[in-house]
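Shown next: work36.pdb, containing PDB, N, CA and C atoms.
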```pdb
ATOM      1  N   MET M   1     224.099  31.693 149.166
ATOM      2  CA  MET M   1     222.998  32.595 148.881
ATOM      3  C   MET M   1     222.513  33.282 150.162
ATOM      4  N   ILE M   2     222.530  32.558 151.253
ATOM      5  CA  ILE M   2     222.086  33.138 152.519
ATOM      6  C   ILE M   2     222.981  34.322 152.897
ATOM      7  N   GLU M   3     224.290  34.103 152.823
ATOM      8  CA  GLU M   3     225.228  35.160 153.201
ATOM      9  C   GLU M   3     225.057  36.395 152.317
ATOM     10  N   VAL M   4     224.930  36.193 151.022
ATOM     11  CA  VAL M   4     224.797  37.303 150.081
ATOM     12  C   VAL M   4     223.506  38.076 150.355
ATOM     13  N   THR M   5     222.424  37.363 150.575
ATOM     14  CA  THR M   5     221.128  38.001 150.810
ATOM     15  C   THR M   5     221.134  38.807 152.103
ATOM     16  N   VAL M   6     221.655  38.228 153.176
ATOM     17  CA  VAL M   6     221.705  38.931 154.465
ATOM     18  C   VAL M   6     222.646  40.131 154.375
ATOM     19  N   ALA M   7     223.796  39.948 153.767
ATOM     20  CA  ALA M   7     224.749  41.053 153.639
ATOM     21  C   ALA M   7     224.131  42.210 152.858
ATOM     22  N   ALA M   8     223.426  41.903 151.776
ATOM     23  CA  ALA M   8     222.779  42.953 150.985
ATOM     24  C   ALA M   8     221.694  43.655 151.796
ATOM     25  N   ALA M   9     220.896  42.890 152.525
ATOM     26  CA  ALA M   9     219.807  43.469 153.312
ATOM     27  C   ALA M   9     220.325  44.381 154.417
ATOM     28  N   MET M  10     221.514  44.064 154.931
ATOM     29  CA  MET M  10     222.062  44.831 156.053
ATOM     30  C   MET M  10     223.204  45.756 155.631
ATOM     31  N   ASN M  11     223.425  45.841 154.303
ATOM     32  CA  ASN M  11     224.435  46.732 153.747
ATOM     33  C   ASN M  11     225.820  46.480 154.346
ATOM     34  N   LEU M  12     226.228  45.211 154.337
ATOM     35  CA  LEU M  12     227.526  44.802 154.872
ATOM     36  C   LEU M  12     228.278  43.993 153.819
ATOM     37  N   PRO M  13     229.612  44.010 153.866
ATOM     38  CA  PRO M  13     230.374  43.152 152.954
ATOM     39  C   PRO M  13     230.168  41.677 153.309
ATOM     40  N   VAL M  14     230.001  40.842 152.306
ATOM     41  CA  VAL M  14     229.764  39.417 152.518
ATOM     42  C   VAL M  14     230.893  38.781 153.313
ATOM     43  N   ASP M  15     232.132  39.161 153.020
ATOM     44  CA  ASP M  15     233.270  38.520 153.689
ATOM     45  C   ASP M  15     233.305  38.789 155.191
ATOM     46  N   GLU M  16     232.663  39.847 155.646
ATOM     47  CA  GLU M  16     232.603  40.123 157.085
ATOM     48  C   GLU M  16     231.792  39.051 157.821
ATOM     49  N   LEU M  17     230.756  38.529 157.179
ATOM     50  CA  LEU M  17     229.914  37.516 157.818
ATOM     51  C   LEU M  17     230.673  36.217 158.060
ATOM     52  N   ALA M  18     231.626  35.926 157.202
ATOM     53  CA  ALA M  18     232.375  34.676 157.315
ATOM     54  C   ALA M  18     233.626  34.819 158.185
ATOM     55  N   ALA M  19     233.857  35.996 158.742
ATOM     56  CA  ALA M  19     235.058  36.224 159.542
ATOM     57  C   ALA M  19     235.079  35.302 160.766
ATOM     58  N   LYS M  20     236.268  34.914 161.153
ATOM     59  CA  LYS M  20     236.434  34.008 162.294
ATOM     60  C   LYS M  20     236.091  34.684 163.620
ATOM     61  N   THR M  21     236.332  35.982 163.704
ATOM     62  CA  THR M  21     236.068  36.705 164.947
ATOM     63  C   THR M  21     234.692  37.351 164.891
ATOM     64  N   ARG M  22     234.221  37.820 166.024
ATOM     65  CA  ARG M  22     232.873  38.359 166.158
ATOM     66  C   ARG M  22     232.655  39.591 165.288
ATOM     67  N   ARG M  23     233.644  40.458 165.195
ATOM     68  CA  ARG M  23     233.576  41.728 164.473
ATOM     69  C   ARG M  23     232.682  42.716 165.227
ATOM     70  N   THR M  24     232.053  43.631 164.504
ATOM     71  CA  THR M  24     231.196  44.635 165.126
ATOM     72  C   THR M  24     229.822  44.041 165.427
ATOM     73  N   ALA M  25     229.053  44.732 166.247
ATOM     74  CA  ALA M  25     227.711  44.253 166.594
ATOM     75  C   ALA M  25     226.830  44.057 165.357
ATOM     76  N   PRO M  26     226.830  44.983 164.375
ATOM     77  CA  PRO M  26     226.004  44.750 163.179
ATOM     78  C   PRO M  26     226.418  43.493 162.404
ATOM     79  N   VAL M  27     227.715  43.219 162.337
ATOM     80  CA  VAL M  27     228.182  42.027 161.634
ATOM     81  C   VAL M  27     227.773  40.776 162.401
ATOM     82  N   ALA M  28     227.935  40.801 163.713
ATOM     83  CA  ALA M  28     227.535  39.653 164.535
ATOM     84  C   ALA M  28     226.034  39.392 164.388
ATOM     85  N   PHE M  29     225.236  40.454 164.374
ATOM     86  CA  PHE M  29     223.792  40.274 164.222
ATOM     87  C   PHE M  29     223.455  39.747 162.824
ATOM     88  N   ALA M  30     224.143  40.238 161.809
ATOM     89  CA  ALA M  30     223.914  39.742 160.448
ATOM     90  C   ALA M  30     224.214  38.252 160.372
ATOM     91  N   ARG M  31     225.282  37.832 161.010
ATOM     92  CA  ARG M  31     225.636  36.413 161.042
ATOM     93  C   ARG M  31     224.535  35.623 161.759
ATOM     94  N   GLN M  32     223.996  36.187 162.838
ATOM     95  CA  GLN M  32     222.909  35.529 163.562
ATOM     96  C   GLN M  32     221.667  35.412 162.685
ATOM     97  N   VAL M  33     221.372  36.458 161.929
ATOM     98  CA  VAL M  33     220.225  36.413 161.017
ATOM     99  C   VAL M  33     220.436  35.322 159.968
ATOM    100  N   ALA M  34     221.646  35.216 159.463
ATOM    101  CA  ALA M  34     221.943  34.188 158.457
ATOM    102  C   ALA M  34     221.744  32.787 159.038
ATOM    103  N   MET M  35     222.229  32.560 160.255
ATOM    104  CA  MET M  35     222.048  31.242 160.879
ATOM    105  C   MET M  35     220.570  30.983 161.157
ATOM    106  N   TYR M  36     219.856  31.999 161.607
ATOM    107  CA  TYR M  36     218.420  31.894 161.859
ATOM    108  C   TYR M  36     217.685  31.487 160.580
ATOM    109  N   CYS M  37     217.983  32.188 159.477
ATOM    110  CA  CYS M  37     217.309  31.888 158.210
ATOM    111  C   CYS M  37     217.664  30.505 157.690
ATOM    112  N   ALA M  38     218.904  30.101 157.865
ATOM    113  CA  ALA M  38     219.300  28.758 157.445
ATOM    114  C   ALA M  38     218.484  27.711 158.199
ATOM    115  N   HIS M  39     218.303  27.948 159.490
ATOM    116  CA  HIS M  39     217.572  26.987 160.317
ATOM    117  C   HIS M  39     216.057  27.075 160.109
ATOM    118  N   VAL M  40     215.511  28.265 160.231
ATOM    119  CA  VAL M  40     214.057  28.436 160.217
ATOM    120  C   VAL M  40     213.488  28.412 158.796
ATOM    121  N   THR M  41     214.088  29.163 157.897
ATOM    122  CA  THR M  41     213.538  29.299 156.551
ATOM    123  C   THR M  41     213.864  28.095 155.671
ATOM    124  N   LEU M  42     215.115  27.640 155.737
ATOM    125  CA  LEU M  42     215.528  26.543 154.860
ATOM    126  C   LEU M  42     215.481  25.173 155.535
ATOM    127  N   GLY M  43     215.233  25.151 156.840
ATOM    128  CA  GLY M  43     215.069  23.886 157.535
ATOM    129  C   GLY M  43     216.356  23.137 157.839
ATOM    130  N   TRP M  44     217.474  23.836 157.810
ATOM    131  CA  TRP M  44     218.736  23.191 158.150
ATOM    132  C   TRP M  44     218.778  22.899 159.637
ATOM    133  N   SER M  45     219.531  21.907 160.012
ATOM    134  CA  SER M  45     219.727  21.646 161.443
ATOM    135  C   SER M  45     220.558  22.784 162.029
ATOM    136  N   LEU M  46     220.534  22.897 163.337
ATOM    137  CA  LEU M  46     221.357  23.912 163.998
ATOM    138  C   LEU M  46     222.839  23.666 163.734
ATOM    139  N   THR M  47     223.217  22.408 163.666
ATOM    140  CA  THR M  47     224.610  22.057 163.378
ATOM    141  C   THR M  47     225.003  22.553 161.984
ATOM    142  N   GLU M  48     224.141  22.305 161.000
ATOM    143  CA  GLU M  48     224.415  22.758 159.635
ATOM    144  C   GLU M  48     224.454  24.281 159.549
ATOM    145  N   ALA M  49     223.495  24.939 160.195
ATOM    146  CA  ALA M  49     223.437  26.400 160.158
ATOM    147  C   ALA M  49     224.682  27.015 160.783
ATOM    148  N   GLY M  50     225.139  26.466 161.895
ATOM    149  CA  GLY M  50     226.339  26.987 162.543
ATOM    150  C   GLY M  50     227.602  26.698 161.772
ATOM    151  N   SER M  51     227.655  25.538 161.144
ATOM    152  CA  SER M  51     228.891  25.130 160.472
ATOM    153  C   SER M  51     229.251  26.036 159.295
ATOM    154  N   VAL M  52     228.268  26.664 158.678
ATOM    155  CA  VAL M  52     228.536  27.591 157.577
ATOM    156  C   VAL M  52     229.466  28.713 158.032
ATOM    157  N   PHE M  53     229.375  29.067 159.303
ATOM    158  CA  PHE M  53     230.167  30.166 159.852
ATOM    159  C   PHE M  53     231.200  29.681 160.868
ATOM    160  N   ASP M  54     231.543  28.418 160.798
ATOM    161  CA  ASP M  54     232.490  27.823 161.745
ATOM    162  C   ASP M  54     232.058  28.036 163.193
ATOM    163  N   ARG M  55     230.762  27.897 163.424
ATOM    164  CA  ARG M  55     230.204  27.982 164.774
ATOM    165  C   ARG M  55     229.544  26.644 165.092
ATOM    166  N   ASP M  56     229.328  26.385 166.371
ATOM    167  CA  ASP M  56     228.684  25.114 166.727
ATOM    168  C   ASP M  56     227.174  25.299 166.849
ATOM    169  N   ARG M  57     226.492  24.188 167.117
ATOM    170  CA  ARG M  57     225.025  24.222 167.160
ATOM    171  C   ARG M  57     224.489  25.081 168.295
ATOM    172  N   THR M  58     225.231  25.176 169.402
ATOM    173  CA  THR M  58     224.746  26.002 170.509
ATOM    174  C   THR M  58     224.802  27.480 170.138
ATOM    175  N   THR M  59     225.795  27.866 169.352
ATOM    176  CA  THR M  59     225.879  29.245 168.875
ATOM    177  C   THR M  59     224.739  29.529 167.907
ATOM    178  N   ALA M  60     224.424  28.570 167.039
ATOM    179  CA  ALA M  60     223.308  28.733 166.106
ATOM    180  C   ALA M  60     221.985  28.824 166.871
ATOM    181  N   ALA M  61     221.830  28.032 167.913
ATOM    182  CA  ALA M  61     220.608  28.089 168.731
ATOM    183  C   ALA M  61     220.488  29.452 169.408
ATOM    184  N   HIS M  62     221.607  29.954 169.912
ATOM    185  CA  HIS M  62     221.613  31.280 170.528
ATOM    186  C   HIS M  62     221.235  32.340 169.487
ATOM    187  N   ALA M  63     221.769  32.210 168.277
ATOM    188  CA  ALA M  63     221.455  33.156 167.204
ATOM    189  C   ALA M  63     219.952  33.164 166.927
ATOM    190  N   CYS M  64     219.340  32.003 166.889
ATOM    191  CA  CYS M  64     217.900  31.913 166.643
ATOM    192  C   CYS M  64     217.100  32.606 167.743
ATOM    193  N   ARG M  65     217.517  32.414 168.981
ATOM    194  CA  ARG M  65     216.829  33.080 170.103
ATOM    195  C   ARG M  65     216.975  34.595 170.009
ATOM    196  N   VAL M  66     218.176  35.061 169.688
ATOM    197  CA  VAL M  66     218.425  36.505 169.580
ATOM    198  C   VAL M  66     217.558  37.117 168.479
ATOM    199  N   VAL M  67     217.537  36.475 167.328
ATOM    200  CA  VAL M  67     216.755  37.011 166.212
ATOM    201  C   VAL M  67     215.270  36.997 166.548
ATOM    202  N   GLU M  68     214.778  35.915 167.118
ATOM    203  CA  GLU M  68     213.363  35.861 167.516
ATOM    204  C   GLU M  68     213.021  37.004 168.474
ATOM    205  N   ASP M  69     213.884  37.229 169.449
ATOM    206  CA  ASP M  69     213.648  38.316 170.411
ATOM    207  C   ASP M  69     213.655  39.683 169.738
ATOM    208  N   ARG M  70     214.562  39.875 168.795
ATOM    209  CA  ARG M  70     214.688  41.183 168.147
ATOM    210  C   ARG M  70     213.626  41.420 167.091
ATOM    211  N   ARG M  71     212.898  40.383 166.699
ATOM    212  CA  ARG M  71     211.825  40.550 165.712
ATOM    213  C   ARG M  71     210.637  41.317 166.281
ATOM    214  N   ASP M  72     210.643  41.574 167.579
ATOM    215  CA  ASP M  72     209.608  42.442 168.164
ATOM    216  C   ASP M  72     209.731  43.865 167.629
ATOM    217  N   ASP M  73     210.934  44.242 167.195
ATOM    218  CA  ASP M  73     211.185  45.539 166.570
ATOM    219  C   ASP M  73     210.693  45.450 165.126
ATOM    220  N   GLN M  74     209.755  46.301 164.744
ATOM    221  CA  GLN M  74     209.130  46.235 163.413
ATOM    222  C   GLN M  74     210.141  46.356 162.285
ATOM    223  N   GLN M  75     211.142  47.207 162.446
ATOM    224  CA  GLN M  75     212.144  47.390 161.396
ATOM    225  C   GLN M  75     212.966  46.114 161.195
ATOM    226  N   ILE M  76     213.359  45.496 162.284
ATOM    227  CA  ILE M  76     214.123  44.250 162.197
ATOM    228  C   ILE M  76     213.248  43.134 161.644
ATOM    229  N   ASP M  77     212.013  43.060 162.105
ATOM    230  CA  ASP M  77     211.103  42.037 161.604
ATOM    231  C   ASP M  77     210.913  42.169 160.094
ATOM    232  N   SER M  78     210.762  43.391 159.608
ATOM    233  CA  SER M  78     210.591  43.620 158.166
ATOM    234  C   SER M  78     211.824  43.187 157.379
ATOM    235  N   MET M  79     212.998  43.494 157.914
ATOM    236  CA  MET M  79     214.240  43.108 157.240
ATOM    237  C   MET M  79     214.380  41.586 157.198
ATOM    238  N   VAL M  80     214.138  40.930 158.326
ATOM    239  CA  VAL M  80     214.250  39.469 158.377
ATOM    240  C   VAL M  80     213.209  38.843 157.453
ATOM    241  N   GLN M  81     212.012  39.369 157.445
ATOM    242  CA  GLN M  81     210.968  38.843 156.559
ATOM    243  C   GLN M  81     211.365  38.994 155.095
ATOM    244  N   ALA M  82     211.968  40.119 154.730
ATOM    245  CA  ALA M  82     212.420  40.331 153.351
ATOM    246  C   ALA M  82     213.499  39.310 152.977
ATOM    247  N   VAL M  83     214.408  39.034 153.899
ATOM    248  CA  VAL M  83     215.449  38.028 153.653
ATOM    249  C   VAL M  83     214.799  36.654 153.493
ATOM    250  N   GLU M  84     213.868  36.324 154.387
ATOM    251  CA  GLU M  84     213.184  35.030 154.292
ATOM    252  C   GLU M  84     212.444  34.889 152.963
ATOM    253  N   ASP M  85     211.768  35.958 152.542
ATOM    254  CA  ASP M  85     211.033  35.927 151.273
ATOM    255  C   ASP M  85     211.982  35.714 150.093
ATOM    256  N   ALA M  86     213.104  36.427 150.088
ATOM    257  CA  ALA M  86     214.085  36.286 149.005
ATOM    258  C   ALA M  86     214.654  34.869 148.973
ATOM    259  N   LEU M  87     214.966  34.320 150.141
ATOM    260  CA  LEU M  87     215.510  32.959 150.199
ATOM    261  C   LEU M  87     214.482  31.932 149.741
ATOM    262  N   HIS M  88     213.233  32.166 150.091
ATOM    263  CA  HIS M  88     212.171  31.243 149.668
ATOM    264  C   HIS M  88     212.051  31.244 148.140
ATOM    265  N   VAL M  89     212.079  32.430 147.534
ATOM    266  CA  VAL M  89     212.005  32.533 146.070
ATOM    267  C   VAL M  89     213.200  31.817 145.438
ATOM    268  N   TRP M  90     214.394  32.069 145.975
ATOM    269  CA  TRP M  90     215.603  31.427 145.450
ATOM    270  C   TRP M  90     215.508  29.907 145.585
ATOM    271  N   TYR M  91     215.132  29.430 146.760
ATOM    272  CA  TYR M  91     215.058  27.992 147.006
ATOM    273  C   TYR M  91     214.027  27.329 146.089
ATOM    274  N   THR M  92     212.889  27.970 145.888
ATOM    275  CA  THR M  92     211.857  27.441 145.002
ATOM    276  C   THR M  92     212.374  27.360 143.568
ATOM    277  N   ALA M  93     213.093  28.387 143.125
ATOM    278  CA  ALA M  93     213.647  28.388 141.770
ATOM    279  C   ALA M  93     214.674  27.272 141.605
ATOM    280  N   VAL M  94     215.524  27.083 142.593
ATOM    281  CA  VAL M  94     216.534  26.018 142.524
ATOM    282  C   VAL M  94     215.861  24.657 142.444
ATOM    283  N   GLU M  95     214.851  24.441 143.261
ATOM    284  CA  GLU M  95     214.142  23.159 143.235
ATOM    285  C   GLU M  95     213.447  22.931 141.894
ATOM    286  N   THR M  96     212.889  23.979 141.301
ATOM    287  CA  THR M  96     212.227  23.859 140.005
ATOM    288  C   THR M  96     213.237  23.474 138.926
ATOM    289  N   VAL M  97     214.380  24.151 138.930
ATOM    290  CA  VAL M  97     215.435  23.828 137.961
ATOM    291  C   VAL M  97     215.916  22.393 138.152
ATOM    292  N   ARG M  98     216.075  21.989 139.395
ATOM    293  CA  ARG M  98     216.531  20.621 139.692
ATOM    294  C   ARG M  98     215.527  19.594 139.145
ATOM    295  N   GLN M  99     214.244  19.841 139.353
ATOM    296  CA  GLN M  99     213.214  18.901 138.881
ATOM    297  C   GLN M  99     213.189  18.849 137.364
ATOM    298  N   VAL M 100     213.321  20.001 136.714
ATOM    299  CA  VAL M 100     213.330  20.035 135.249
ATOM    300  C   VAL M 100     214.555  19.290 134.722
ATOM    301  N   SER M 101     215.683  19.489 135.360
ATOM    302  CA  SER M 101     216.917  18.803 134.946
ATOM    303  C   SER M 101     216.792  17.299 135.108
ATOM    304  N   LEU M 102     216.206  16.872 136.222
ATOM    305  CA  LEU M 102     216.035  15.442 136.457
ATOM    306  C   LEU M 102     215.059  14.821 135.480
ATOM    307  N   SER M 103     213.989  15.527 135.147
ATOM    308  CA  SER M 103     212.999  14.975 134.215
ATOM    309  C   SER M 103     213.557  14.950 132.785
ATOM    310  N   GLY M 104     214.455  15.869 132.473
ATOM    311  CA  GLY M 104     215.083  15.889 131.147
ATOM    312  C   GLY M 104     216.142  14.821 130.996
ATOM    313  N   ALA M 105     216.639  14.285 132.111
ATOM    314  CA  ALA M 105     217.684  13.270 132.071
ATOM    315  C   ALA M 105     217.110  11.880 131.835
ATOM    316  N   GLU M 106     215.812  11.751 131.878
ATOM    317  CA  GLU M 106     215.181  10.425 131.730
ATOM    318  C   GLU M 106     215.104   9.986 130.308
TER
END
```
Is it possible to give me this structure as structure tokens?
Amino acid sequence: MIEVTVAAAMNLPVDELAAKTRRTAPVAFARQVAMYCAHVTLGWSLTEAGSVFDRDRTTAAHACRVVEDRRDDQQIDSMVQAVEDALHVWYTAVETVRQVSLSGAE
């Protein structure tokens, strides 16, 4: 869901984010935004956030620093906030469905 949301927000193909190589600067930044959101918005560890893209925790930490620095730009901040909001809505819906499913299994 993170990859799809970031790719849509940045108008990029989803498969570009998962590419093994860096690709273009917009793709690299989109990947950084995805790792940032995985870590900051969803609370994943840096190791988990990096592993989604076959990167290590130091790369995920670097991605978080880059995104934080670039959020000073209002346009980038708005885009990242929109991604965070969408992920929060999705995550809340998934948790609600999970709780309903668990309570129905009793």
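For the set M:Arg98, M:Met35, M:Glu3, M:Leu87, the residue with the smallest atom-to-atom gap to Glu48 of chain M is M:Met35, counting only N, CA and C atoms.
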*So, counting only N, CA and C atoms, which residue among M:Asp73, M:Asp54, M:Glu68, M:Glu95 is closest to Tyr36 of chain M?*
M:Glu68
_Within 12 Å of (221.8, 24.6, 160.3) (file coordinates; only C-alpha atoms), which protein or nucleic acid residues are there? I'd like them as a PyMOL selection string._
chain M and resi 2+32-61+63-64
Quick one: what's the axis-aligned box for segment 77-93 of chain M, all listed atoms, 5 Å on every side, centre and edges in Å to one decimal, as lines of an AutoDock Vina configuration file?
```
center_x = 213.1
center_y = 35.4
center_z = 151.9
size_x = 15.0
size_y = 26.3
size_z = 30.5
```
_atom CA of Pro26 of chain M to atom N of His88 of chain M, distance in Å rounded to a single decimal_ =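 Atom-to-atom, atom CA of Pro26 of chain M to atom N of His88 of chain M, that is 22.2 Å.
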Please extract segment 73-99 of chain M and write it out with N, CA and C atoms, as a PDB file, in the first residue's frame.
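Writing done, so here's result03.pdb:
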```pdb
ATOM      1  N   ASP M  73      10.168  22.567   1.981  1.00  0.00           N
ATOM      2  CA  ASP M  73       9.501  23.003   0.756  1.00  0.00           C
ATOM      3  C   ASP M  73       8.011  22.705   0.920  1.00  0.00           C
ATOM      4  N   GLN M  74       7.170  23.722   0.837  1.00  0.00           N
ATOM      5  CA  GLN M  74       5.728  23.570   1.087  1.00  0.00           C
ATOM      6  C   GLN M  74       5.078  22.551   0.167  1.00  0.00           C
ATOM      7  N   GLN M  75       5.484  22.512  -1.092  1.00  0.00           N
ATOM      8  CA  GLN M  75       4.893  21.569  -2.040  1.00  0.00           C
ATOM      9  C   GLN M  75       5.225  20.124  -1.655  1.00  0.00           C
ATOM     10  N   ILE M  76       6.461  19.889  -1.283  1.00  0.00           N
ATOM     11  CA  ILE M  76       6.869  18.546  -0.865  1.00  0.00           C
ATOM     12  C   ILE M  76       6.195  18.177   0.449  1.00  0.00           C
ATOM     13  N   ASP M  77       6.144  19.115   1.378  1.00  0.00           N
ATOM     14  CA  ASP M  77       5.490  18.850   2.653  1.00  0.00           C
ATOM     15  C   ASP M  77       4.025  18.473   2.446  1.00  0.00           C
ATOM     16  N   SER M  78       3.339  19.177   1.559  1.00  0.00           N
ATOM     17  CA  SER M  78       1.927  18.877   1.278  1.00  0.00           C
ATOM     18  C   SER M  78       1.758  17.484   0.679  1.00  0.00           C
ATOM     19  N   MET M  79       2.655  17.125  -0.230  1.00  0.00           N
ATOM     20  CA  MET M  79       2.585  15.802  -0.853  1.00  0.00           C
ATOM     21  C   MET M  79       2.833  14.704   0.183  1.00  0.00           C
ATOM     22  N   VAL M  80       3.863  14.874   1.002  1.00  0.00           N
ATOM     23  CA  VAL M  80       4.175  13.871   2.024  1.00  0.00           C
ATOM     24  C   VAL M  80       3.025  13.786   3.025  1.00  0.00           C
ATOM     25  N   GLN M  81       2.472  14.905   3.409  1.00  0.00           N
ATOM     26  CA  GLN M  81       1.340  14.901   4.343  1.00  0.00           C
ATOM     27  C   GLN M  81       0.142  14.171   3.747  1.00  0.00           C
ATOM     28  N   ALA M  82      -0.125  14.366   2.462  1.00  0.00           N
ATOM     29  CA  ALA M  82      -1.234  13.673   1.798  1.00  0.00           C
ATOM     30  C   ALA M  82      -0.999  12.159   1.800  1.00  0.00           C
ATOM     31  N   VAL M  83       0.234  11.745   1.557  1.00  0.00           N
ATOM     32  CA  VAL M  83       0.569  10.316   1.592  1.00  0.00           C
ATOM     33  C   VAL M  83       0.380   9.785   3.013  1.00  0.00           C
ATOM     34  N   GLU M  84       0.879  10.526   4.000  1.00  0.00           N
ATOM     35  CA  GLU M  84       0.724  10.094   5.394  1.00  0.00           C
ATOM     36  C   GLU M  84      -0.751   9.969   5.775  1.00  0.00           C
ATOM     37  N   ASP M  85      -1.559  10.942   5.353  1.00  0.00           N
ATOM     38  CA  ASP M  85      -2.993  10.908   5.659  1.00  0.00           C
ATOM     39  C   ASP M  85      -3.663   9.692   5.020  1.00  0.00           C
ATOM     40  N   ALA M  86      -3.340   9.421   3.759  1.00  0.00           N
ATOM     41  CA  ALA M  86      -3.919   8.268   3.060  1.00  0.00           C
ATOM     42  C   ALA M  86      -3.512   6.962   3.741  1.00  0.00           C
ATOM     43  N   LEU M  87      -2.246   6.855   4.126  1.00  0.00           N
ATOM     44  CA  LEU M  87      -1.774   5.638   4.795  1.00  0.00           C
ATOM     45  C   LEU M  87      -2.434   5.464   6.157  1.00  0.00           C
ATOM     46  N   HIS M  88      -2.639   6.568   6.848  1.00  0.00           N
ATOM     47  CA  HIS M  88      -3.296   6.497   8.160  1.00  0.00           C
ATOM     48  C   HIS M  88      -4.731   5.982   8.002  1.00  0.00           C
ATOM     49  N   VAL M  89      -5.451   6.499   7.007  1.00  0.00           N
ATOM     50  CA  VAL M  89      -6.825   6.046   6.754  1.00  0.00           C
ATOM     51  C   VAL M  89      -6.826   4.554   6.413  1.00  0.00           C
ATOM     52  N   TRP M  90      -5.911   4.147   5.533  1.00  0.00           N
ATOM     53  CA  TRP M  90      -5.819   2.736   5.145  1.00  0.00           C
ATOM     54  C   TRP M  90      -5.502   1.863   6.359  1.00  0.00           C
ATOM     55  N   TYR M  91      -4.509   2.255   7.139  1.00  0.00           N
ATOM     56  CA  TYR M  91      -4.096   1.464   8.296  1.00  0.00           C
ATOM     57  C   TYR M  91      -5.229   1.350   9.318  1.00  0.00           C
ATOM     58  N   THR M  92      -5.953   2.432   9.549  1.00  0.00           N
ATOM     59  CA  THR M  92      -7.079   2.418  10.477  1.00  0.00           C
ATOM     60  C   THR M  92      -8.169   1.470   9.982  1.00  0.00           C
ATOM     61  N   ALA M  93      -8.447   1.496   8.681  1.00  0.00           N
ATOM     62  CA  ALA M  93      -9.462   0.608   8.112  1.00  0.00           C
ATOM     63  C   ALA M  93      -9.043  -0.852   8.250  1.00  0.00           C
ATOM     64  N   VAL M  94      -7.785  -1.146   7.991  1.00  0.00           N
ATOM     65  CA  VAL M  94      -7.292  -2.525   8.117  1.00  0.00           C
ATOM     66  C   VAL M  94      -7.420  -3.000   9.556  1.00  0.00           C
ATOM     67  N   GLU M  95      -7.039  -2.164  10.498  1.00  0.00           N
ATOM     68  CA  GLU M  95      -7.144  -2.545  11.909  1.00  0.00           C
ATOM     69  C   GLU M  95      -8.598  -2.760  12.324  1.00  0.00           C
ATOM     70  N   THR M  96      -9.513  -1.946  11.815  1.00  0.00           N
ATOM     71  CA  THR M  96     -10.931  -2.095  12.135  1.00  0.00           C
ATOM     72  C   THR M  96     -11.459  -3.425  11.600  1.00  0.00           C
ATOM     73  N   VAL M  97     -11.112  -3.728  10.354  1.00  0.00           N
ATOM     74  CA  VAL M  97     -11.533  -5.005   9.760  1.00  0.00           C
ATOM     75  C   VAL M  97     -10.954  -6.177  10.545  1.00  0.00           C
ATOM     76  N   ARG M  98      -9.702  -6.060  10.934  1.00  0.00           N
ATOM     77  CA  ARG M  98      -9.046  -7.131  11.702  1.00  0.00           C
ATOM     78  C   ARG M  98      -9.778  -7.356  13.035  1.00  0.00           C
ATOM     79  N   GLN M  99     -10.126  -6.277  13.717  1.00  0.00           N
ATOM     80  CA  GLN M  99     -10.813  -6.399  15.013  1.00  0.00           C
ATOM     81  C   GLN M  99     -12.193  -7.007  14.834  1.00  0.00           C
TER      82      GLN M  99
END
```
